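Trainee: Below is data.cif; it holds mmCIF, C-alpha atoms.
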```
data_data
#
loop_
_atom_site.label_atom_id
_atom_site.label_comp_id
_atom_site.auth_asym_id
_atom_site.auth_seq_id
_atom_site.Cartn_x
_atom_site.Cartn_y
_atom_site.Cartn_z
CA MET B 1 5.73 39.59 -20.57
CA ILE B 2 8.52 37.05 -20.12
CA GLY B 3 7.69 33.62 -21.58
CA VAL B 4 8.40 30.16 -20.19
CA LYS B 5 11.50 29.71 -22.37
CA GLU B 6 12.94 32.96 -21.06
CA LYS B 7 12.23 31.87 -17.48
CA GLN B 8 14.00 28.60 -18.22
CA ASP B 9 16.97 30.58 -19.50
CA ILE B 10 17.04 32.55 -16.26
CA TYR B 11 18.00 29.37 -14.38
CA VAL B 12 20.77 28.69 -16.89
CA SER B 13 22.13 32.25 -16.61
CA THR B 14 21.83 32.13 -12.81
CA PHE B 15 23.91 28.95 -12.81
CA ALA B 16 26.55 30.60 -14.99
CA ARG B 17 26.70 33.48 -12.50
CA LEU B 18 26.90 31.20 -9.43
CA GLU B 19 29.01 28.37 -10.86
CA LYS B 20 32.26 29.47 -9.23
CA GLU B 21 30.55 29.82 -5.87
CA LEU B 22 28.78 26.45 -6.19
CA THR B 23 31.98 24.60 -7.10
CA ALA B 24 34.39 26.39 -4.81
CA GLY B 25 36.74 24.57 -2.45
CA HIS B 26 35.65 21.10 -1.37
CA TRP B 27 32.78 21.15 -3.93
CA SER B 28 35.20 21.35 -6.89
CA TRP B 29 34.67 17.70 -7.81
CA THR B 30 30.99 18.45 -8.52
CA ARG B 31 31.81 20.88 -11.37
CA PRO B 32 31.35 18.36 -14.24
CA ILE B 33 28.23 16.90 -12.61
CA ARG B 34 26.65 20.32 -12.20
CA LYS B 35 27.51 21.45 -15.73
CA SER B 36 26.09 18.27 -17.19
CA ALA B 37 22.93 18.68 -15.11
CA ILE B 38 22.25 22.29 -16.10
CA GLU B 39 22.89 21.44 -19.76
CA ARG B 40 20.39 18.61 -19.47
CA PHE B 41 17.84 20.94 -17.87
CA ALA B 42 18.32 23.38 -20.75
CA GLU B 43 17.66 20.54 -23.20
CA LEU B 44 14.65 19.11 -21.39
CA GLY B 45 12.98 22.33 -20.33
CA PHE B 46 10.06 22.34 -17.95
CA PRO B 47 7.89 19.22 -18.40
CA THR B 48 4.54 19.72 -20.13
CA SER B 49 1.29 17.76 -20.22
CA LYS B 50 2.39 16.33 -23.58
CA LEU B 51 4.67 14.01 -21.61
CA GLU B 52 2.87 10.91 -20.33
CA GLU B 53 4.48 11.22 -16.89
CA TRP B 54 3.11 14.77 -16.56
CA LYS B 55 -0.19 14.32 -18.37
CA PHE B 56 -2.37 15.42 -15.46
CA THR B 57 0.00 17.89 -13.78
CA SER B 58 0.80 21.31 -15.18
CA VAL B 59 3.92 23.02 -13.86
CA ALA B 60 3.06 26.22 -15.71
CA PRO B 61 2.57 28.11 -12.40
CA ILE B 62 6.20 27.26 -11.55
CA ALA B 63 7.57 27.88 -15.01
CA LYS B 64 5.97 31.32 -15.25
CA LEU B 65 7.53 32.69 -12.06
CA ALA B 66 11.09 33.96 -11.86
CA PHE B 67 12.12 32.38 -8.56
CA GLN B 68 15.25 33.75 -6.93
CA PRO B 69 17.66 31.53 -4.96
CA ALA B 70 16.98 31.98 -1.25
CA ARG B 71 19.75 33.96 0.41
CA LEU B 72 21.44 33.25 3.71
CA GLU B 73 20.37 36.14 5.90
CA PRO B 74 19.18 36.75 9.47
CA ASN B 75 15.60 35.57 9.92
CA GLY B 76 15.08 35.86 13.67
CA LEU B 77 13.67 32.34 13.91
CA THR B 78 13.82 30.94 17.44
CA LEU B 79 13.43 27.49 18.93
CA GLU B 80 10.09 28.61 20.34
CA ASP B 81 8.86 29.64 16.89
CA LEU B 82 9.90 26.32 15.44
CA ALA B 83 8.50 24.22 18.26
CA SER B 84 5.04 25.69 17.66
CA ALA B 85 5.08 24.94 13.92
CA PRO B 86 2.95 22.10 12.49
CA LEU B 87 4.49 18.67 13.17
CA ALA B 88 7.81 20.23 14.28
CA ASP B 89 7.28 19.92 18.03
CA VAL B 90 7.99 16.18 17.81
CA ALA B 91 11.63 17.01 17.04
CA PHE B 92 12.23 18.76 20.36
CA GLY B 93 13.31 17.33 23.67
CA THR B 94 15.48 14.22 23.80
CA CYS B 95 13.47 12.00 21.48
CA CYS B 96 15.25 12.88 18.20
CA HIS B 97 18.48 13.96 16.61
CA ARG B 98 17.45 17.20 14.84
CA LEU B 99 18.82 19.06 11.82
CA VAL B 100 17.10 22.31 10.82
CA PHE B 101 17.42 24.14 7.50
CA VAL B 102 15.93 27.61 7.15
CA ASN B 103 15.25 28.73 3.58
CA GLY B 104 17.61 26.01 2.38
CA HIS B 105 20.50 26.91 4.72
CA PHE B 106 21.67 24.84 7.68
CA SER B 107 21.01 26.38 11.11
CA VAL B 108 23.47 25.30 13.80
CA GLU B 109 21.54 27.21 16.46
CA LEU B 110 18.25 25.40 15.81
CA SER B 111 19.76 21.94 15.37
CA SER B 112 20.58 19.40 18.06
CA VAL B 113 22.67 16.29 17.52
CA ASP B 114 23.93 15.03 20.86
CA ALA B 115 25.66 11.85 21.94
CA LEU B 116 25.53 10.03 18.63
CA PRO B 117 26.59 6.38 18.80
CA GLU B 118 30.18 5.83 17.72
CA GLY B 119 30.58 5.88 13.95
CA ALA B 120 27.22 7.48 13.19
CA ARG B 121 27.12 10.83 11.45
CA VAL B 122 24.20 13.26 11.30
CA THR B 123 25.28 16.56 9.83
CA SER B 124 24.73 19.03 7.02
CA LEU B 125 25.78 17.92 3.56
CA SER B 126 28.10 20.92 3.19
CA ALA B 127 29.93 19.96 6.40
CA ALA B 128 30.19 16.35 5.24
CA VAL B 129 31.72 17.48 1.94
CA ARG B 130 34.32 19.51 3.85
CA ASN B 131 35.21 16.64 6.17
CA ASP B 132 34.91 13.56 3.97
CA ALA B 133 34.57 14.49 0.31
CA ALA B 134 35.59 11.01 -0.87
CA LEU B 135 32.65 9.31 0.88
CA ILE B 136 30.16 11.87 -0.41
CA GLU B 137 31.57 11.67 -3.91
CA ALA B 138 31.06 7.88 -3.89
CA HIS B 139 27.30 8.30 -3.42
CA LEU B 140 26.04 11.82 -4.17
CA ALA B 141 24.25 12.12 -7.53
CA ARG B 142 25.01 8.46 -8.29
CA TYR B 143 21.43 7.19 -7.90
CA ALA B 144 18.93 9.98 -8.67
CA SER B 145 19.37 10.29 -12.43
CA TYR B 146 18.72 13.63 -14.08
CA ASN B 147 18.83 12.38 -17.67
CA ASP B 148 15.05 12.43 -18.07
CA LEU B 149 13.97 14.44 -15.02
CA ALA B 150 14.21 18.19 -15.42
CA PHE B 151 13.66 19.03 -11.77
CA VAL B 152 16.27 16.52 -10.59
CA ALA B 153 18.65 18.11 -13.09
CA LEU B 154 17.87 21.56 -11.69
CA ASN B 155 18.44 20.38 -8.13
CA THR B 156 21.71 18.69 -9.06
CA ALA B 157 23.01 21.85 -10.71
CA PHE B 158 22.18 24.10 -7.74
CA MET B 159 22.58 21.76 -4.72
CA GLN B 160 24.38 23.49 -1.88
CA ASP B 161 23.16 21.94 1.32
CA GLY B 162 20.88 19.41 2.90
CA ALA B 163 21.32 16.53 5.30
CA PHE B 164 23.89 13.76 5.40
CA VAL B 165 23.12 10.73 7.55
CA GLU B 166 25.49 7.77 7.78
CA ILE B 167 24.69 4.70 9.87
CA PRO B 168 27.74 2.40 10.05
CA LYS B 169 27.70 -1.34 9.69
CA GLY B 170 25.72 -3.15 12.38
CA LEU B 171 24.60 -0.04 14.27
CA VAL B 172 21.00 0.39 15.43
CA LEU B 173 20.52 4.16 15.72
CA ASP B 174 19.18 4.93 19.18
CA LYS B 175 16.82 7.77 18.19
CA PRO B 176 15.10 8.92 14.99
CA VAL B 177 16.75 11.59 12.86
CA TYR B 178 14.40 14.51 12.21
CA LEU B 179 15.23 16.77 9.24
CA ILE B 180 13.20 20.00 9.23
CA PHE B 181 13.14 22.29 6.21
CA VAL B 182 11.53 25.62 7.07
CA ALA B 183 10.38 28.39 4.73
CA THR B 184 10.03 31.83 6.27
CA GLU B 185 8.70 35.18 5.04
CA CYS B 186 10.30 36.29 1.74
CA GLU B 187 9.80 39.54 -0.17
CA VAL B 188 10.08 37.86 -3.60
CA PRO B 189 9.33 34.31 -4.79
CA THR B 190 12.27 32.17 -3.77
CA VAL B 191 13.53 28.68 -4.56
CA VAL B 192 15.55 26.25 -2.44
CA TYR B 193 17.28 23.03 -3.51
CA PRO B 194 17.60 20.65 -0.53
CA ARG B 195 19.83 17.68 -1.30
CA ASN B 196 19.86 14.82 1.20
CA LEU B 197 22.01 11.70 1.32
CA ILE B 198 21.23 8.79 3.65
CA VAL B 199 23.63 5.85 3.78
CA ALA B 200 22.70 2.84 5.92
CA GLY B 201 25.51 0.32 6.25
CA SER B 202 25.02 -3.44 6.22
CA GLY B 203 23.01 -4.70 9.19
CA SER B 204 22.21 -1.18 10.41
CA GLN B 205 18.82 0.22 11.43
CA ALA B 206 17.52 3.79 11.35
CA GLN B 207 14.38 5.93 11.30
CA ILE B 208 14.50 9.15 9.28
CA ILE B 209 11.86 11.90 9.20
CA GLU B 210 12.08 14.53 6.46
CA SER B 211 9.65 17.39 7.06
CA TYR B 212 8.80 20.53 5.04
CA ILE B 213 6.88 23.38 6.66
CA SER B 214 6.06 27.04 6.02
CA LEU B 215 5.97 29.78 8.63
CA SER B 216 4.34 32.31 6.29
CA ASP B 217 2.21 32.35 3.16
CA SER B 218 5.01 33.76 0.97
CA VAL B 219 5.29 32.21 -2.49
CA HIS B 220 8.18 29.77 -2.50
CA PHE B 221 9.37 26.74 -4.44
CA THR B 222 11.01 23.69 -2.87
CA ASN B 223 12.90 21.48 -5.31
CA ALA B 224 14.19 18.58 -3.19
CA VAL B 225 16.11 15.38 -3.93
CA THR B 226 16.89 12.62 -1.42
CA GLU B 227 19.07 9.60 -2.12
CA VAL B 228 18.80 6.60 0.22
CA VAL B 229 21.30 3.74 0.15
CA ALA B 230 20.11 0.71 2.13
CA GLY B 231 22.98 -1.74 2.59
CA GLU B 232 22.76 -5.50 2.94
CA ASN B 233 20.43 -6.61 5.78
CA SER B 234 19.75 -2.99 6.78
CA VAL B 235 16.37 -1.71 7.99
CA VAL B 236 15.33 1.85 7.12
CA GLU B 237 12.01 3.47 8.00
CA TYR B 238 11.64 6.78 6.17
CA TYR B 239 8.98 9.47 6.61
CA LYS B 240 8.37 12.39 4.28
CA LEU B 241 5.94 14.92 5.75
CA GLN B 242 4.88 17.91 3.65
CA HIS B 243 2.88 20.65 5.36
CA GLU B 244 3.85 23.81 3.47
CA SER B 245 1.46 26.70 2.80
CA GLU B 246 -1.02 26.58 -0.04
CA ARG B 247 1.01 29.23 -1.88
CA ALA B 248 4.01 26.89 -1.92
CA PHE B 249 5.22 24.73 -4.77
CA HIS B 250 6.93 21.45 -3.92
CA ILE B 251 8.64 19.11 -6.38
CA GLY B 252 10.47 16.28 -4.62
CA ALA B 253 12.26 13.13 -5.72
CA VAL B 254 13.36 10.25 -3.49
CA GLN B 255 15.64 7.59 -4.99
CA VAL B 256 16.19 4.39 -2.98
CA GLN B 257 18.85 1.77 -3.72
CA GLN B 258 18.40 -1.48 -1.78
CA ASP B 259 20.96 -4.22 -1.37
CA ARG B 260 20.39 -7.89 -0.57
CA ASN B 261 17.96 -8.73 2.27
CA SER B 262 17.42 -5.07 3.15
CA ASN B 263 14.09 -3.71 4.36
CA PHE B 264 12.90 -0.22 3.39
CA THR B 265 9.59 1.33 4.44
CA SER B 266 8.41 4.80 3.50
CA HIS B 267 5.49 6.93 4.68
CA THR B 268 4.76 9.89 2.39
CA VAL B 269 2.19 12.29 3.84
CA THR B 270 1.09 15.40 1.94
CA LEU B 271 -1.14 17.90 3.72
CA GLY B 272 -0.03 21.28 2.34
CA GLY B 273 1.23 22.96 -0.80
CA GLY B 274 -0.67 24.45 -3.72
CA LEU B 275 1.12 22.28 -6.31
CA VAL B 276 2.97 19.18 -5.11
CA ARG B 277 4.73 16.40 -6.98
CA ASN B 278 6.30 13.45 -5.12
CA ASP B 279 8.47 11.03 -7.11
CA LEU B 280 9.57 7.94 -5.19
CA ASN B 281 11.65 5.31 -6.97
CA ALA B 282 12.97 2.18 -5.28
CA VAL B 283 15.45 -0.15 -6.98
CA LEU B 284 15.55 -3.63 -5.40
CA GLN B 285 18.95 -4.65 -6.72
CA GLY B 286 19.53 -7.72 -4.53
CA SER B 287 17.62 -10.86 -3.62
CA GLY B 288 15.37 -11.25 -0.58
CA ILE B 289 14.53 -7.55 -0.35
CA GLU B 290 11.40 -6.11 1.28
CA CYS B 291 10.03 -2.72 0.25
CA SER B 292 6.87 -1.04 1.54
CA LEU B 293 5.58 2.30 0.25
CA ASN B 294 2.74 3.93 2.17
CA GLY B 295 1.18 7.25 1.27
CA LEU B 296 -1.57 9.60 2.41
CA TYR B 297 -2.57 12.84 0.68
CA VAL B 298 -5.28 15.17 1.97
CA THR B 299 -6.34 18.08 -0.23
CA SER B 300 -8.87 20.90 -0.18
CA GLY B 301 -9.51 24.18 -1.98
CA ARG B 302 -7.65 24.09 -5.29
CA GLN B 303 -4.65 22.08 -4.18
CA HIS B 304 -3.08 19.63 -6.61
CA VAL B 305 -0.97 16.65 -5.45
CA ASP B 306 0.75 14.19 -7.79
CA ASN B 307 2.34 10.97 -6.46
CA HIS B 308 4.49 8.97 -8.87
CA THR B 309 6.14 5.77 -7.62
CA VAL B 310 8.27 3.03 -9.17
CA ILE B 311 9.27 -0.22 -7.48
CA ASP B 312 11.88 -1.97 -9.63
CA HIS B 313 12.37 -5.66 -8.78
CA CYS B 314 15.74 -6.67 -10.23
CA ARG B 315 16.51 -9.93 -8.38
CA PRO B 316 14.57 -12.98 -7.13
CA HIS B 317 12.58 -13.41 -3.92
CA GLY B 318 11.69 -9.75 -3.58
CA THR B 319 8.56 -8.56 -1.76
CA SER B 320 6.88 -5.18 -2.10
CA HIS B 321 3.71 -3.71 -0.66
CA GLU B 322 2.27 -0.36 -1.66
CA LEU B 323 -0.76 1.42 -0.23
CA TYR B 324 -1.60 5.03 -1.10
CA LYS B 325 -4.79 6.72 0.02
CA GLY B 326 -6.20 10.10 -0.92
CA ILE B 327 -8.84 12.29 0.73
CA LEU B 328 -9.97 15.09 -1.57
CA GLY B 329 -12.32 18.00 -0.90
CA GLY B 330 -13.26 21.31 -2.48
CA LYS B 331 -12.10 21.62 -6.08
CA SER B 332 -8.78 19.97 -5.41
CA SER B 333 -7.19 17.32 -7.62
CA ALA B 334 -4.70 14.52 -7.28
CA VAL B 335 -2.78 12.00 -9.34
CA PHE B 336 -1.52 8.56 -8.43
CA ASN B 337 0.75 6.82 -10.91
CA GLY B 338 2.40 3.74 -9.45
CA SER B 339 4.53 1.28 -11.42
CA ILE B 340 5.79 -2.12 -10.37
CA VAL B 341 8.51 -3.44 -12.67
CA VAL B 342 9.58 -7.09 -12.45
CA ARG B 343 12.77 -7.86 -14.40
CA LYS B 344 13.29 -11.22 -16.07
CA ASP B 345 15.75 -12.32 -13.37
CA ALA B 346 13.33 -11.41 -10.56
CA GLN B 347 11.56 -14.76 -10.21
CA LYS B 348 9.54 -15.48 -7.04
CA THR B 349 8.59 -11.80 -6.73
CA ASP B 350 5.57 -11.01 -4.55
CA ALA B 351 4.25 -7.51 -5.22
CA ARG B 352 1.00 -5.85 -4.20
CA GLN B 353 -0.17 -2.35 -4.98
CA SER B 354 -3.34 -0.48 -4.03
CA ASN B 355 -4.57 3.08 -4.43
CA LYS B 356 -7.82 4.14 -2.74
CA ASN B 357 -9.44 7.56 -2.88
CA LEU B 358 -12.22 9.25 -0.98
CA LEU B 359 -13.91 12.22 -2.67
CA LEU B 360 -15.62 14.55 -0.22
CA SER B 361 -17.06 16.90 -2.83
CA GLU B 362 -18.38 16.84 -6.37
CA GLY B 363 -15.64 19.25 -7.49
CA ALA B 364 -12.71 17.03 -6.42
CA THR B 365 -10.98 14.87 -9.04
CA ILE B 366 -8.47 12.02 -9.02
CA ASN B 367 -6.53 10.38 -11.84
CA SER B 368 -5.30 6.97 -10.70
CA LYS B 369 -3.09 4.70 -12.78
CA PRO B 370 -1.55 1.65 -11.06
CA GLN B 371 0.67 -0.32 -13.46
CA LEU B 372 2.45 -3.66 -13.68
CA GLU B 373 5.33 -4.48 -16.03
CA ILE B 374 6.15 -8.16 -15.60
CA ASN B 375 9.00 -9.85 -17.45
CA ALA B 376 9.21 -13.00 -15.30
CA ASP B 377 6.81 -15.96 -15.21
CA ASP B 378 6.99 -17.17 -11.58
CA VAL B 379 5.58 -14.19 -9.69
CA LYS B 380 2.61 -13.05 -7.62
CA CYS B 381 1.59 -9.51 -8.52
CA THR B 382 -1.64 -7.63 -7.94
CA HIS B 383 -2.71 -4.03 -8.31
CA GLY B 384 -5.94 -2.09 -7.99
CA THR B 385 -7.58 1.26 -7.48
CA SER B 386 -10.85 2.53 -6.06
CA ILE B 387 -12.62 5.88 -5.97
CA GLY B 388 -15.66 6.56 -3.82
CA HIS B 389 -17.58 8.84 -1.50
CA LEU B 390 -18.48 8.57 2.17
CA ASP B 391 -20.88 5.70 2.72
CA GLU B 392 -24.40 7.11 3.14
CA ASP B 393 -25.58 4.15 5.23
CA SER B 394 -22.71 4.66 7.68
CA LEU B 395 -23.44 8.38 7.85
CA PHE B 396 -27.12 7.66 8.50
CA TYR B 397 -26.22 5.13 11.21
CA LEU B 398 -24.03 7.63 13.07
CA ARG B 399 -26.50 10.49 12.72
CA SER B 400 -29.36 8.30 13.92
CA ARG B 401 -27.42 7.88 17.15
CA GLY B 402 -27.09 11.60 17.70
CA VAL B 403 -23.70 12.19 16.11
CA ASP B 404 -23.33 15.66 14.58
CA PRO B 405 -23.12 15.53 10.71
CA ASP B 406 -19.62 17.06 10.57
CA GLU B 407 -18.42 14.81 13.36
CA ALA B 408 -19.86 11.79 11.56
CA ARG B 409 -17.98 12.73 8.39
CA THR B 410 -14.80 13.24 10.42
CA VAL B 411 -15.15 9.81 12.05
CA LEU B 412 -15.62 8.05 8.71
CA THR B 413 -12.85 10.04 7.01
CA TYR B 414 -10.44 9.30 9.82
CA GLY B 415 -11.36 5.62 9.59
CA PHE B 416 -10.51 5.68 5.90
CA ALA B 417 -7.04 7.08 6.58
CA ASN B 418 -6.37 5.04 9.70
CA ASP B 419 -4.88 1.92 8.12
CA VAL B 420 -2.15 4.08 6.52
CA LEU B 421 -1.44 5.89 9.79
CA ASN B 422 -1.38 2.62 11.74
CA ARG B 423 1.52 1.38 9.62
CA MET B 424 3.76 4.04 11.20
CA LYS B 425 5.97 2.70 13.97
CA LEU B 426 6.78 6.12 15.45
CA ASP B 427 3.88 6.78 17.81
CA ALA B 428 4.63 10.49 18.23
CA ILE B 429 4.52 11.11 14.47
CA ARG B 430 1.34 9.10 14.05
CA VAL B 431 -0.45 10.97 16.85
CA ARG B 432 0.54 14.39 15.43
CA LEU B 433 -0.65 13.39 11.98
CA GLU B 434 -3.93 12.14 13.41
CA CYS B 435 -4.45 15.54 15.04
CA ALA B 436 -3.51 17.38 11.85
CA LEU B 437 -5.93 15.26 9.84
CA VAL B 438 -8.81 15.84 12.22
CA ALA B 439 -8.06 19.59 12.31
CA ARG B 440 -8.43 19.79 8.54
CA MET B 441 -11.84 18.15 8.45
CA PRO B 442 -14.07 21.14 9.38
CA ALA B 443 -12.75 23.23 6.47
CA THR B 444 -13.16 20.32 4.09
CA HIS B 445 -16.72 19.69 5.25
CA THR B 446 -17.57 23.39 4.88
CA GLN B 447 -16.41 23.22 1.29
CA LEU B 448 -18.60 20.15 0.79
CA GLU B 449 -21.72 21.90 2.09
CA GLU B 450 -21.08 25.01 -0.05
CA GLN B 451 -21.14 23.05 -3.29
#
```
Re-express the file's structure as structure tokens.
Mentor:
Amino acid sequence: MIGVKEKQDIYVSTFARLEKELTAGHWSWTRPIRKSAIERFAELGFPTSKLEEWKFTSVAPIAKLAFQPARLEPNGLTLEDLASAPLADVAFGTCCHRLVFVNGHFSVELSSVDALPEGARVTSLSAAVRNDAALIEAHLARYASYNDLAFVALNTAFMQDGAFVEIPKGLVLDKPVYLIFVATECEVPTVVYPRNLIVAGSGSQAQIIESYISLSDSVHFTNAVTEVVAGENSVVEYYKLQHESERAFHIGAVQVQQDRNSNFTSHTVTLGGGLVRNDLNAVLQGSGIECSLNGLYVTSGRQHVDNHTVIDHCRPHGTSHELYKGILGGKSSAVFNGSIVVRKDAQKTDARQSNKNLLLSEGATINSKPQLEINADDVKCTHGTSIGHLDEDSLFYLRSRGVDPDEARTVLTYGFANDVLNRMKLDAIRVRLECALVARMPATHTQLEEQ
């Protein structure tokens, strides 16, 4: 039986075999970055529970499988297939600019980017590298550090494609950009490495949706990294929606760099995946910045979801708000580890953080650890966490008025999640998520009754 170290070495040997292909042509400038990244991965190895940042999340199921890079091959996927997939139908019609990636590879046929405003670019990362390597080189792999993050290092070594979105100075993008990453049926466990770069120029505004879905229950591993650059006075609303199958593994990192007076809002929603880790780090490197991180994770069965966030206040007069909520059923588990860092030069910081969890069964578990690291003396910072069950008095009230027990639980559960959903400005996304949440409730309640 091959051990974890041998599986780790497989990635290193695979890189050696693919290095010429990965750094060919317009990608040649990435050669030293990739080599440094794979060397760092070899040094770090897969994270273990001995590391504080991974104390409650075991990646052994990933480390023990020999995932093969997903190949570019005919898959027969049609627009009709995609339009019927969970959450994907929002991207069709004229409401969005749409980029679709199937098993990690860009699909021209399934994508639709029409009539972009002058100066805006929405394209695949590989195309952007071909057409403007200098711009990509100025930003790509400059923010998401792989020095201490093994999975970021792995992504950086193997990155081939993903999305590139550029919003020029002063432009308000007319429609949201919807990035869809689709996993289809695979004969062997496969891995993909989406790499996304979003650059919002000064005074620009944009809405970005990044969605991950499965169209089969094949075992697959998504190792994604997204870098967001929010220029001075820009406004970026970012959604990450994860609805992969429960045989999928998903490790994702989002690194946000904010300039002076910018406004960044994220909505991270996790509904699928057997093992999911979301890292979201925001660096507020100018004064007068606003940053809001919202999250919702809904688990059942034996799912495990880990959300790690860092909001780093580097300059004065920064404001951050963070609200993450979890709904856990069955024997599922979740982790919330949120850090707010206030540097010594970040006076007048106003930061609030809250994590609330609803346990729908006795077998569900949550490890919640909100943290503050304050190095300035003129700040307003609060943080808190709560863990509870459905309120019995509220359940009794609804049932006494003839509401079915499952429907009563659904009403109360939806009410718990609603203040996160209501923070979303895109009505179509919010409505689809509301439907997806309600659809999951019967299975969760069945698990509750069986325990």
Trainee: Quick one, how far is atom CA of B:Ala183 from atom CA of B:Ser111?
Mentor: 15.6 Å
Trainee: Which of these residues is nearest to B:Cys435, using all atoms listed in the file: B:Ser361, B:Thr410, B:Ser339, B:Ser386?
Mentor: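 Selected residue with least distance to B:Cys435: B:Thr410.
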Trainee: Would you tabulate, counting all atoms listed in the file, all residues of stretch 189-293 of chain B that have an atom at most 10 Å from an atom of stretch 346-357 of chain B, showing the closest pair of atoms and their distance in Å to one decimal, sorted by chain then ascending number, as CSV?
Mentor:
```
residue,atom,partner,partner_atom,distance
B:Leu284,CA,B:Ala346,CA,9.6
B:Gln285,CA,B:Ala346,CA,9.6
B:Gly286,CA,B:Ala346,CA,9.4
B:Ser287,CA,B:Ala346,CA,8.2
B:Gly288,CA,B:Thr349,CA,9.2
B:Ile289,CA,B:Thr349,CA,9.7
B:Glu290,CA,B:Asp350,CA,9.6
B:Cys291,CA,B:Ala351,CA,9.3
B:Ser292,CA,B:Arg352,CA,9.5
B:Leu293,CA,B:Gln353,CA,9.1
```
Trainee: Smallest atom-to-atom distance to B:Tyr143: which of B:Glu227, B:Glu246, B:Glu109, B:Glu118, using all atoms listed in the file?
Mentor: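 Going through B:Glu227, B:Glu246, B:Glu109, B:Glu118 one by one, the smallest distance to B:Tyr143 is for B:Glu227.
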Trainee: B:Ala282: which residues within 12 Å, counting all atoms listed in the file, same-chain residues fewer than 3 positions away excluded, as a PyMOL selection string?
Mentor: chain B and resi 143-144+226-230+253-259+262-266+279+285-286+289-293+308-314+320-322+338-341
Trainee: What lies within 8 Å of B:Ile167 using all atoms listed in the file, ignoring chain neighbours under 3 positions off, as a list in words?
Mentor: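 Residues near the query, excluding close chain neighbours: Gly119, Ala120, Arg121, Leu171, Val172, Leu173, Val199, Ala200, Gly201, Ser204, Gln205 and Ala206 of chain B.
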Trainee: Let me know the residues the PyMOL selection byres ((chain B and resi 428) around 12) catches in the file above, as a list in words.
Mentor: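 Checking the PyMOL selection byres ((chain B and resi 428) around 12) against this file, the residues are Leu87, Ala88, Asp89, Val90, Ala91, Phe92, Cys95, Cys96, Pro176, Ile209, Leu421, Asn422, Met424, Lys425, Leu426, Asp427, Ile429, Arg430, Val431, Arg432, Leu433, Glu434 and Cys435 of chain B.
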Trainee: Just the number, please: distance in Å from atom CA of B:Leu77 to atom CA of B:Tyr238, one decimal.
Mentor: 26.8 Å
Trainee: Given the file shown, enumerate the residues that the PyMOL selection byres ((chain B and resi 55-69) around 6) captures and present them as a PyMOL selection string.
Mentor: chain B and resi 4+49+51-54+70+189-191
Trainee: Measuring between all atoms listed in the file, which one of B:Arg71, B:Lys240, B:Arg31, B:Arg440 shows the shortest distance to B:Gln207?
Mentor: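 Among B:Arg71, B:Lys240, B:Arg31, B:Arg440, it is B:Lys240 that comes nearest to B:Gln207.
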